[in-house]
Each structure stands twice: as C-alpha cells, then as structure tokens.
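Heads up, work_39.cif below (mmCIF, C-alpha atoms):
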```cif
data_work
loop_
_atom_site.label_atom_id
_atom_site.label_comp_id
_atom_site.auth_asym_id
_atom_site.auth_seq_id
_atom_site.Cartn_x
_atom_site.Cartn_y
_atom_site.Cartn_z
CA MET A 1 -56.72 100.62 -89.01
CA ILE A 2 -60.16 101.38 -87.61
CA PHE A 3 -61.46 101.55 -91.16
CA ASP A 4 -60.13 98.06 -91.81
CA ALA A 5 -61.88 96.73 -88.71
CA LEU A 6 -65.15 98.40 -89.70
CA SER A 7 -64.78 97.03 -93.20
CA VAL A 8 -64.25 93.46 -91.95
CA LEU A 9 -67.26 93.78 -89.64
CA LEU A 10 -69.53 94.96 -92.46
CA LEU A 11 -68.26 92.25 -94.83
CA LEU A 12 -68.97 89.56 -92.23
CA LEU A 13 -72.49 90.94 -91.69
CA GLY A 14 -73.04 90.87 -95.46
CA LEU A 15 -71.86 87.28 -95.64
CA PHE A 16 -74.24 86.40 -92.82
CA PHE A 17 -77.15 87.80 -94.83
CA PHE A 18 -76.10 85.95 -97.97
CA VAL A 19 -75.87 82.67 -96.08
CA SER A 20 -79.24 83.22 -94.40
CA GLY A 21 -80.76 83.97 -97.81
CA LEU A 22 -79.38 80.69 -99.06
CA LEU A 23 -80.83 78.88 -96.03
CA GLY A 24 -84.20 80.53 -96.69
CA LEU A 25 -84.12 79.43 -100.29
CA TRP A 26 -83.25 75.93 -99.22
CA ARG A 27 -85.54 75.37 -96.22
CA PHE A 28 -88.63 77.59 -96.50
CA PRO A 29 -91.78 75.66 -97.38
CA ASP A 30 -93.61 78.12 -99.63
CA THR A 31 -92.41 79.98 -102.72
CA PHE A 32 -93.73 83.32 -101.43
CA ALA A 33 -91.79 82.78 -98.21
CA ARG A 34 -88.67 82.02 -100.22
CA LEU A 35 -89.24 85.16 -102.28
CA HIS A 36 -89.44 87.20 -99.09
CA ALA A 37 -86.29 85.65 -97.58
CA LEU A 38 -84.24 85.86 -100.73
CA THR A 39 -85.08 89.40 -101.83
CA LYS A 40 -84.47 90.84 -98.39
CA ALA A 41 -81.32 88.83 -97.88
CA ASP A 42 -79.62 89.70 -101.09
CA ASN A 43 -80.46 93.39 -101.00
CA LEU A 44 -79.09 93.70 -97.49
CA GLY A 45 -76.19 91.32 -98.09
CA LEU A 46 -75.01 93.14 -101.19
CA GLY A 47 -75.54 96.50 -99.46
CA LEU A 48 -73.39 95.53 -96.47
CA VAL A 49 -70.64 93.98 -98.60
CA MET A 50 -70.64 97.12 -100.75
CA THR A 51 -70.46 99.40 -97.70
CA GLY A 52 -67.61 97.33 -96.29
CA LEU A 53 -65.70 97.66 -99.54
CA LEU A 54 -66.29 101.43 -99.64
CA PHE A 55 -63.61 101.85 -96.93
CA GLN A 56 -61.03 100.18 -99.20
CA VAL A 57 -61.55 102.03 -102.48
CA PRO A 58 -58.75 104.21 -103.94
CA ASP A 59 -60.79 107.24 -105.04
CA VAL A 60 -64.22 108.86 -105.04
CA LEU A 61 -65.19 107.73 -108.55
CA TRP A 62 -64.95 104.12 -107.43
CA ALA A 63 -67.18 104.84 -104.45
CA ILE A 64 -69.79 106.48 -106.66
CA LYS A 65 -69.78 103.51 -109.00
CA PHE A 66 -70.11 101.07 -106.09
CA VAL A 67 -73.17 102.90 -104.82
CA LEU A 68 -74.62 102.98 -108.35
CA VAL A 69 -74.15 99.21 -108.71
CA TRP A 70 -75.97 98.69 -105.44
CA LEU A 71 -78.84 101.04 -106.40
CA LEU A 72 -79.26 99.23 -109.71
CA ALA A 73 -79.25 95.93 -107.82
CA LEU A 74 -82.01 97.26 -105.55
CA VAL A 75 -84.19 98.25 -108.51
CA ALA A 76 -83.43 94.98 -110.30
CA SER A 77 -84.26 92.91 -107.24
CA ALA A 78 -87.56 94.72 -106.72
CA VAL A 79 -88.56 94.21 -110.38
CA ASN A 80 -87.52 90.57 -110.17
CA ALA A 81 -89.52 89.88 -107.02
CA HIS A 82 -92.57 91.63 -108.46
CA LEU A 83 -92.44 89.67 -111.71
CA ILE A 84 -92.12 86.35 -109.91
CA ALA A 85 -94.88 87.16 -107.42
CA VAL A 86 -97.34 88.28 -110.13
CA PHE A 87 -96.50 85.20 -112.19
CA LEU A 88 -97.05 82.87 -109.27
CA HIS A 89 -100.28 84.61 -108.28
CA ARG A 90 -101.72 84.31 -111.79
CA GLN A 91 -100.69 80.69 -112.02
CA GLN A 92 -102.49 79.85 -108.78
CA GLU A 93 -105.60 81.82 -109.82
CA GLY A 94 -105.72 79.98 -113.14
CA HIS A 95 -105.38 76.72 -111.31
CA ASP A 96 -108.29 77.60 -109.01
CA GLU A 97 -110.57 78.53 -111.92
CA SER A 98 -109.95 75.26 -113.75
CA ALA A 99 -110.52 73.20 -110.58
CA MET B 100 -56.59 93.14 -95.93
CA ASN B 101 -56.35 91.32 -99.25
CA THR B 102 -56.31 87.97 -97.47
CA VAL B 103 -59.58 88.81 -95.73
CA LEU B 104 -61.13 89.91 -99.02
CA LEU B 105 -60.06 86.71 -100.72
CA ALA B 106 -61.55 84.69 -97.86
CA VAL B 107 -64.81 86.59 -98.42
CA VAL B 108 -64.65 85.65 -102.11
CA VAL B 109 -64.17 81.98 -101.19
CA VAL B 110 -67.22 81.99 -98.89
CA LEU B 111 -69.33 83.73 -101.53
CA ALA B 112 -68.21 81.18 -104.11
CA LEU B 113 -69.25 78.35 -101.79
CA VAL B 114 -72.70 79.90 -101.36
CA LEU B 115 -72.88 80.24 -105.15
CA LEU B 116 -72.01 76.57 -105.59
CA ILE B 117 -74.73 75.48 -103.15
CA SER B 118 -77.33 77.65 -104.86
CA LEU B 119 -76.36 76.04 -108.19
CA LEU B 120 -77.06 72.65 -106.58
CA ILE B 121 -80.44 74.01 -105.42
CA ILE B 122 -81.25 75.01 -109.01
CA LEU B 123 -80.48 71.48 -110.13
CA SER B 124 -82.55 69.87 -107.38
CA ARG B 125 -85.74 71.93 -107.80
CA ALA B 126 -88.38 71.05 -110.36
CA TRP B 127 -90.48 74.20 -110.21
CA LEU B 128 -89.74 77.16 -112.48
CA THR B 129 -90.24 79.90 -109.86
CA ASP B 130 -87.80 78.27 -107.45
CA ARG B 131 -85.22 78.08 -110.16
CA LEU B 132 -85.80 81.73 -111.07
CA LEU B 133 -85.32 82.68 -107.41
CA ALA B 134 -82.06 80.76 -107.31
CA VAL B 135 -80.96 82.51 -110.52
CA GLN B 136 -81.61 85.85 -108.82
CA LEU B 137 -79.43 84.78 -105.90
CA LEU B 138 -76.74 83.74 -108.39
CA GLY B 139 -76.85 87.17 -110.00
CA THR B 140 -76.48 89.00 -106.69
CA LEU B 141 -73.71 86.67 -105.54
CA GLY B 142 -71.87 87.19 -108.80
CA VAL B 143 -72.12 90.95 -108.36
CA ALA B 144 -70.79 90.73 -104.80
CA ILE B 145 -67.85 88.56 -105.92
CA LEU B 146 -67.05 90.97 -108.76
CA LEU B 147 -67.13 93.97 -106.40
CA VAL B 148 -64.69 92.30 -103.99
CA LEU B 149 -62.42 91.22 -106.85
CA ALA B 150 -62.47 94.76 -108.26
CA VAL B 151 -61.01 96.02 -104.97
CA VAL B 152 -58.49 93.17 -104.66
CA MET B 153 -57.17 93.52 -108.21
CA GLN B 154 -57.68 97.31 -108.52
CA GLN B 155 -59.44 96.85 -111.84
CA ARG B 156 -62.37 99.08 -112.59
CA ALA B 157 -63.56 96.86 -115.45
CA PHE B 158 -65.02 94.43 -112.91
CA LEU B 159 -67.53 97.09 -111.88
CA ASP B 160 -68.87 97.37 -115.44
CA THR B 161 -69.21 93.58 -115.55
CA ALA B 162 -71.13 93.72 -112.27
CA LEU B 163 -73.58 96.25 -113.72
CA ILE B 164 -74.22 94.02 -116.74
CA LEU B 165 -74.73 90.98 -114.52
CA VAL B 166 -77.38 92.79 -112.47
CA LEU B 167 -79.26 93.75 -115.62
CA LEU B 168 -79.10 90.27 -117.15
CA ALA B 169 -80.54 88.62 -114.02
CA VAL B 170 -83.69 90.73 -114.45
CA VAL B 171 -83.90 90.03 -118.17
CA VAL B 172 -83.86 86.28 -117.48
CA THR B 173 -86.84 86.57 -115.11
CA ALA B 174 -88.75 88.88 -117.45
CA VAL B 175 -88.29 86.54 -120.42
CA PHE B 176 -89.28 83.40 -118.54
CA THR B 177 -92.37 84.82 -116.84
CA HIS B 178 -93.52 86.44 -120.09
CA ARG B 179 -93.05 83.28 -122.08
CA GLN B 180 -94.91 81.12 -119.56
CA ARG B 181 -97.93 83.41 -119.87
CA GLY B 182 -98.04 82.65 -123.58
CA GLY B 183 -96.53 86.00 -124.52
CA LYS B 184 -99.81 87.92 -124.25
CA SER B 185 -100.43 91.33 -122.65
#
```
Could you write out this file's structure as structure tokens?
Amino acid sequence: MIFDALSVLLLLLGLFFFVSGLLGLWRFPDTFARLHALTKADNLGLGLVMTGLLFQVPDVLWAIKFVLVWLLALVASAVNAHLIAVFLHRQQEGHDESA
Amino acid sequence: MNTVLLAVVVVLALVLLISLLIILSRAWLTDRLLAVQLLGTLGVAILLVLAVVMQQRAFLDTALILVLLAVVVTAVFTHRQRGGKS
C-alpha cells in the first residue's frame, strides 16, 4: 500500500517535469535556454517515472532493465544536447564571420 | 493501480501531442530537433508505463531502440547541415 502511494507520488513528480519541459520548449525565448530546460526536464522526468514504476515491477530482471533504459536515455540525452549546442554555436560563429 | 498508470499514459500522450504541434509550428531546425528529443523521451516513458500495465517485457526493448533512434536523428541532421565534413 505504501509502495503504491510512493509510486503515485513519483509518477506525478515525473509528469510535472515533463510538462515543465514542454512549457520551456514552448515559451523560452532562446534556443540555448530551451536546450537547458528540455534536457534537464526529460532526464529528471523519465528518471522519476522510471523510479515510480520500479515499485510495481514483478521481478528483479525487470528492475535492472528499467534502470538500464534510463541510463541509456541519460547518455543519449547528453549526446543529443551536445550535438545541438555545438551545431548552433558553429552556425552563429559562421554567421558572425560573414557579417 | 492500473487506472492510475493509464491516466499517466493519457497525460503523457497529451504532452506528446502538444510537442508534435510545436514541431509543426517552428521553422528553425534546432527547435524541431529539440522537440524530436522530447518526443523520444516521452515515447520511452509511455512504453515503460505500458510495459508495467500489460506485463509485456517486449515494450522495454522497444523503448531502448527508441532512445537510440532519437540520437541518430540528431546526429544525422547536424552532420548533414555542416556539409558532411569533419
């Protein structure tokens, strides 16, 4: 019972982070600011949702796989943010040189 | 508990729908790539919840593939925009 309550709490927190990431993507003025909001929000959102679901899994193998999915998502998100930031930076530099 | 999990899936799907609308409304490539990243993460979250609801482990494998593909999309687009050099 207490595990269910904890699970619901963590899921709601995760949803909050997903929604705030969406708001950041929608309302922030600058692409770097959006990058910041989005990367943080979906790492934490997915992490909390995953932790909430960990209390509901049938066996340990599932739990291990959940954590692995989240770790891969962390690495993927970091690579993604880095690629976009470097791309944007180079684009702006190129624009400055031609101006 | 399953009702709560399904409600979570519905909320996540709504967020996914709105971020699709954001992709459509933005003109700039980086914004669209950011929204695609959000789509990937949301898809993974939905698949994780559905895996627990339906007790199917295959959803977890799909989630792993979805995470990987979101990165591949960004890598391909940023590389191509640079003209494919370096």
Counting only C-alpha atoms, which residues from chain A have an atom at most 8 Å from any atom of chain B, and could you show them as a PDB file with C-alpha atoms, in the coordinates of the input?
```pdb
ATOM      1  CA  ASP A   4     -60.130  98.060 -91.810  1.00  0.00           C
ATOM      2  CA  VAL A   8     -64.250  93.460 -91.950  1.00  0.00           C
ATOM      3  CA  LEU A  11     -68.260  92.250 -94.830  1.00  0.00           C
ATOM      4  CA  LEU A  15     -71.860  87.280 -95.640  1.00  0.00           C
ATOM      5  CA  PHE A  18     -76.100  85.950 -97.970  1.00  0.00           C
ATOM      6  CA  VAL A  19     -75.870  82.670 -96.080  1.00  0.00           C
ATOM      7  CA  LEU A  22     -79.380  80.690 -99.060  1.00  0.00           C
ATOM      8  CA  LEU A  25     -84.120  79.430-100.290  1.00  0.00           C
ATOM      9  CA  TRP A  26     -83.250  75.930 -99.220  1.00  0.00           C
ATOM     10  CA  THR A  31     -92.410  79.980-102.720  1.00  0.00           C
ATOM     11  CA  ARG A  34     -88.670  82.020-100.220  1.00  0.00           C
ATOM     12  CA  LEU A  35     -89.240  85.160-102.280  1.00  0.00           C
ATOM     13  CA  LEU A  38     -84.240  85.860-100.730  1.00  0.00           C
ATOM     14  CA  ASP A  42     -79.620  89.700-101.090  1.00  0.00           C
ATOM     15  CA  LEU A  46     -75.010  93.140-101.190  1.00  0.00           C
ATOM     16  CA  VAL A  49     -70.640  93.980 -98.600  1.00  0.00           C
ATOM     17  CA  MET A  50     -70.640  97.120-100.750  1.00  0.00           C
ATOM     18  CA  LEU A  53     -65.700  97.660 -99.540  1.00  0.00           C
ATOM     19  CA  GLN A  56     -61.030 100.180 -99.200  1.00  0.00           C
ATOM     20  CA  VAL A  57     -61.550 102.030-102.480  1.00  0.00           C
ATOM     21  CA  TRP A  62     -64.950 104.120-107.430  1.00  0.00           C
ATOM     22  CA  LYS A  65     -69.780 103.510-109.000  1.00  0.00           C
ATOM     23  CA  PHE A  66     -70.110 101.070-106.090  1.00  0.00           C
ATOM     24  CA  VAL A  69     -74.150  99.210-108.710  1.00  0.00           C
ATOM     25  CA  LEU A  72     -79.260  99.230-109.710  1.00  0.00           C
ATOM     26  CA  ALA A  73     -79.250  95.930-107.820  1.00  0.00           C
ATOM     27  CA  ALA A  76     -83.430  94.980-110.300  1.00  0.00           C
ATOM     28  CA  SER A  77     -84.260  92.910-107.240  1.00  0.00           C
ATOM     29  CA  VAL A  79     -88.560  94.210-110.380  1.00  0.00           C
ATOM     30  CA  ASN A  80     -87.520  90.570-110.170  1.00  0.00           C
ATOM     31  CA  LEU A  83     -92.440  89.670-111.710  1.00  0.00           C
ATOM     32  CA  ILE A  84     -92.120  86.350-109.910  1.00  0.00           C
ATOM     33  CA  PHE A  87     -96.500  85.200-112.190  1.00  0.00           C
ATOM     34  CA  LEU A  88     -97.050  82.870-109.270  1.00  0.00           C
TER      35      LEU A  88
END
```
Practice item. Given the file shown, determine the residues that the PyMOL selection byres ((chain A and resi 47) around 9) selects; report them as a list in words. Key: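 Given this file, the PyMOL selection byres ((chain A and resi 47) around 9) evaluates to Gly14, Asp42, Asn43, Leu44, Gly45, Leu46, Leu48, Val49, Met50, Thr51, Gly52, Val67, Trp70, Leu71 and Leu74 of chain A.
Here atom CA of A:Val86 and atom CA of A:Lys40 stand 17.6 Å from one another.
Closest approach to A:Val75 among A:Leu23, A:Phe55, A:Thr39, A:Val60 is made by A:Thr39 (distances from all atoms listed in the file).
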**Study point:** Two-atom distance - atom CA of A:Phe32, atom CA of B:Ile122 (Å)
**Key:**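 Interatomic distance here is 16.8 Å.
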Review point. By how many Å are atom CA of A:Leu54 and atom CA of B:Met153 apart?
Key: 14.8 Å
Box for stretch 161-174 of chain B - axis-aligned, 4 Å on each of the six sides, all listed atoms - centre and size in Å to one decimal, as AutoDock Vina command-line options.
```
--center_x -79.0 --center_y 91.3 --center_z -115.2 --size_x 27.5 --size_y 18.0 --size_z 13.9
```
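Residues with at least one atom no more than 6 Å from (-83.7, 84.3, -96.6), using only C-alpha atoms, are Ser20, Gly21, Gly24, Ala37, Leu38 and Ala41 of chain A.
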Check your understanding: Restricting the calculation to all atoms listed in the file, which member of B:Arg179, B:Arg131, B:Ala112, B:Ala126 is positioned closest to B:Leu146?
Key ->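 Looking at the shortest contact to B:Leu146, the residue is B:Ala112.
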Please complete stretch 138-157 of chain B with N, CA and C atoms and give it back as a tab-separated table (two decimals), keeping the file's coordinate frame.
```tsv
chain	number	residue	atom	x	y	z
B	138	LEU	N	-78.01	83.87	-107.65
B	138	LEU	CA	-76.74	83.74	-108.39
B	138	LEU	C	-76.27	85.08	-108.91
B	139	GLY	N	-77.21	85.86	-109.47
B	139	GLY	CA	-76.85	87.17	-110.00
B	139	GLY	C	-76.26	88.07	-108.93
B	140	THR	N	-76.95	88.12	-107.77
B	140	THR	CA	-76.48	89.00	-106.69
B	140	THR	C	-75.13	88.53	-106.16
B	141	LEU	N	-74.99	87.20	-106.02
B	141	LEU	CA	-73.71	86.67	-105.54
B	141	LEU	C	-72.58	87.00	-106.51
B	142	GLY	N	-72.89	86.87	-107.80
B	142	GLY	CA	-71.87	87.19	-108.80
B	142	GLY	C	-71.45	88.64	-108.70
B	143	VAL	N	-72.44	89.53	-108.50
B	143	VAL	CA	-72.12	90.95	-108.36
B	143	VAL	C	-71.24	91.18	-107.14
B	144	ALA	N	-71.59	90.53	-106.02
B	144	ALA	CA	-70.79	90.73	-104.80
B	144	ALA	C	-69.35	90.26	-105.03
B	145	ILE	N	-69.20	89.08	-105.66
B	145	ILE	CA	-67.85	88.56	-105.92
B	145	ILE	C	-67.07	89.52	-106.81
B	146	LEU	N	-67.75	90.05	-107.85
B	146	LEU	CA	-67.05	90.97	-108.76
B	146	LEU	C	-66.63	92.25	-108.05
B	147	LEU	N	-67.50	92.75	-107.13
B	147	LEU	CA	-67.13	93.97	-106.40
B	147	LEU	C	-65.89	93.74	-105.55
B	148	VAL	N	-65.86	92.58	-104.84
B	148	VAL	CA	-64.69	92.30	-103.99
B	148	VAL	C	-63.44	92.14	-104.85
B	149	LEU	N	-63.58	91.42	-105.97
B	149	LEU	CA	-62.42	91.22	-106.85
B	149	LEU	C	-61.93	92.54	-107.44
B	150	ALA	N	-62.87	93.46	-107.70
B	150	ALA	CA	-62.47	94.76	-108.26
B	150	ALA	C	-61.54	95.48	-107.28
B	151	VAL	N	-61.86	95.37	-105.96
B	151	VAL	CA	-61.01	96.02	-104.97
B	151	VAL	C	-59.67	95.29	-104.84
B	152	VAL	N	-59.73	93.94	-104.84
B	152	VAL	CA	-58.49	93.17	-104.66
B	152	VAL	C	-57.53	93.44	-105.82
B	153	MET	N	-58.05	93.42	-107.03
B	153	MET	CA	-57.17	93.52	-108.21
B	153	MET	C	-57.03	94.96	-108.72
B	154	GLN	N	-57.75	95.91	-108.09
B	154	GLN	CA	-57.68	97.31	-108.52
B	154	GLN	C	-58.01	97.49	-110.00
B	155	GLN	N	-59.01	96.76	-110.44
B	155	GLN	CA	-59.44	96.85	-111.84
B	155	GLN	C	-60.84	97.41	-111.89
B	156	ARG	N	-61.03	98.52	-112.58
B	156	ARG	CA	-62.37	99.08	-112.59
B	156	ARG	C	-63.31	98.35	-113.55
B	157	ALA	N	-62.72	97.57	-114.48
B	157	ALA	CA	-63.56	96.86	-115.45
B	157	ALA	C	-64.52	95.88	-114.79
```
